[in-house]
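J.: Have a look at this one before I ask anything.
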Amino acid sequence: MAPPTNPSATQASRPLGAAVIGAGMIAEVHRRAIRAAGGDVVGVLASSPARSLEVARRWGTTPYEDLPSLLADGSVDVVHVCTPNHTHADYTLQALTAGKHVVCEKPLGVSIEQAERLAAAAERSGLTATVPFVYRYHPLVREIRRRRQDGEFGRWHLLHGSYLQDWMLSPEASGWRVDPARGGASRAFADIGSHWCDLVQWVSGETFTELTAASSVAVGERPAADTASFSAHSADGPRTRVETEDCATLLLRTRRGLLASLTVSQVSAGRKNRLWFELDGSRGSAVFDQENPETIWLGAEHESRVVHRDPHHSSAEQRRLSVLPAGHPQGYADCFAAFVSDTYAAIGGAAPEGLPTFADGLRAARLVDAFLSSSRTGDWTKVKYA
């Protein structure tokens, strides 16, 4: 592999240069976060030269003809991979081989073998390689974690929650994620359930080691996926059988025997992006709702209270990530900007707390692998950690 960029020299002379591979919704989120983090979006590579030119004009940046031209650009320090899932492994490995730092959208690949290969390549390279598990960056998520570390909740008794969306509710909704060849064998759990598992493990300090799962397909046929993003298709076009789950339920067990439960759905009407968890301990409980991230609920045996985000009180990490005054809501975009900022700080040699790396992406892939196995057999299935 090419040697890593000298981070201190790079940052001393100019902002970090970022190239974005992909031009869909999440690529736009990355672009905004790069700029918010002080980076320079030096170029974009989309699905075709014409599409690259179109997006580059809109973004005010350089279009790339192909991946080799992007990787040959010496002004690119970090590559953001924001493409359909089946391309992640190849693009990311080429970027690491070229000596570029990488931010890769999850999953790291459409198989556990691809994820293992990328995690190993990132470790060998010495480069910064991160995965956007950005819900870790809600200030009040950090507050719950710190209170757990301080012993406020005692010993955990139960972890439970759900991640519910409705963007696949319409029978006419489709896109590349529905196609197992492009999106992977799991859809709802791999796409959003993996976020819940990452967040709850990180906040609680627990590790899921085995699970039993069931899944279902709510809409048996959808329009053939012929675009690179979700959209409503004409009801008159060709349709295809749906093979990836709309819904899933899981019962999980942690390394020390603690039980957890999770419900996942992409067809729950009115639920736009409701990641919700409750952690119940011997001294207290904590609840976080991603659709209402400015408050958390803390329960005790004889009282309960609501705690508001406040940059002037409570844990250091909650204060660090509170970029607006209390009462001025922060949300997903702020989380993403903080994640990219911490990634770039790591490129510069820092060690930000809670930065999700390829090791976290590999752990998510192992959970997806166990989920797929258990949902086929109905058996308790061990998560295949190294």
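Following the order of the structure tokens, chains are lettered A, B, ..., residues in each are numbered from 1, and ligands are numbered from 1.
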For range 350-360 of chain A, find every residue with an atom within 6 Å (counting only C-alpha atoms), except residues of its own chain fewer than 3 positions away, and show them as a list in words.
T.: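 Here the qualifying residues turn out to be Ala119, Ala129, Thr130, Val131, Asp342, Ala345, Ala346 and Arg363 of chain A.
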J.: So, counting only C-alpha atoms, which residue among A:His308, A:Arg51, A:Arg283, A:Arg32 is closest to Arg155 in chain A?
T.: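 Of the candidates, the smallest distance to Arg155 in chain A is held by A:Arg283.
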J.: For range 370-376 of chain A, please output as an MDAnalysis selection string all residues within 7 Å (counting only C-alpha atoms; exclusion window: fewer than 6 positions along the same chain).
T.: chainID A and resid 186 212:215 382:383
J.: With distances taken over only C-alpha atoms, which of A:Ala188, A:Ala364, A:Ala248, A:Ile144 is nearest to Ala286 in chain A?
T.: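 Checking each of A:Ala188, A:Ala364, A:Ala248, A:Ile144 against Ala286 in chain A, counting only C-alpha atoms, the winner is A:Ile144.
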J.: With distances taken over only C-alpha atoms, which of A:Asp179, A:Glu172, A:Glu113, A:Asp198 is nearest to Val242 in chain A?
T.: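 Of the candidates, the smallest distance to Val242 in chain A is held by A:Asp179.
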J.: Considering only C-alpha atoms, can you say which of A:Gly161, A:Pro171, A:Pro68, A:Pro139 comes closest to Pro329 in chain A?
T.: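 Closest to Pro329 in chain A of all the choices is A:Pro139.
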J.: Write out as a list in words each polymer residue whose atoms come within 9 Å of range 34-36 of chain A, counting only C-alpha atoms; drop sequence neighbours fewer than 3 positions from it.
T.: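 The contact residues come out as Ala18, Val29, His30, Arg31, Gly39, Asp40, Val41, Asp334, Ala337, Ala338, Val340 and Ser341 of chain A.
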J.: From a DSSP pass on the backbone, collect the residues of range 19-59 of chain A flagged as strand (DSSP E) and hand them back as a PyMOL selection string.
T.: chain A and resi 19-21+40-45
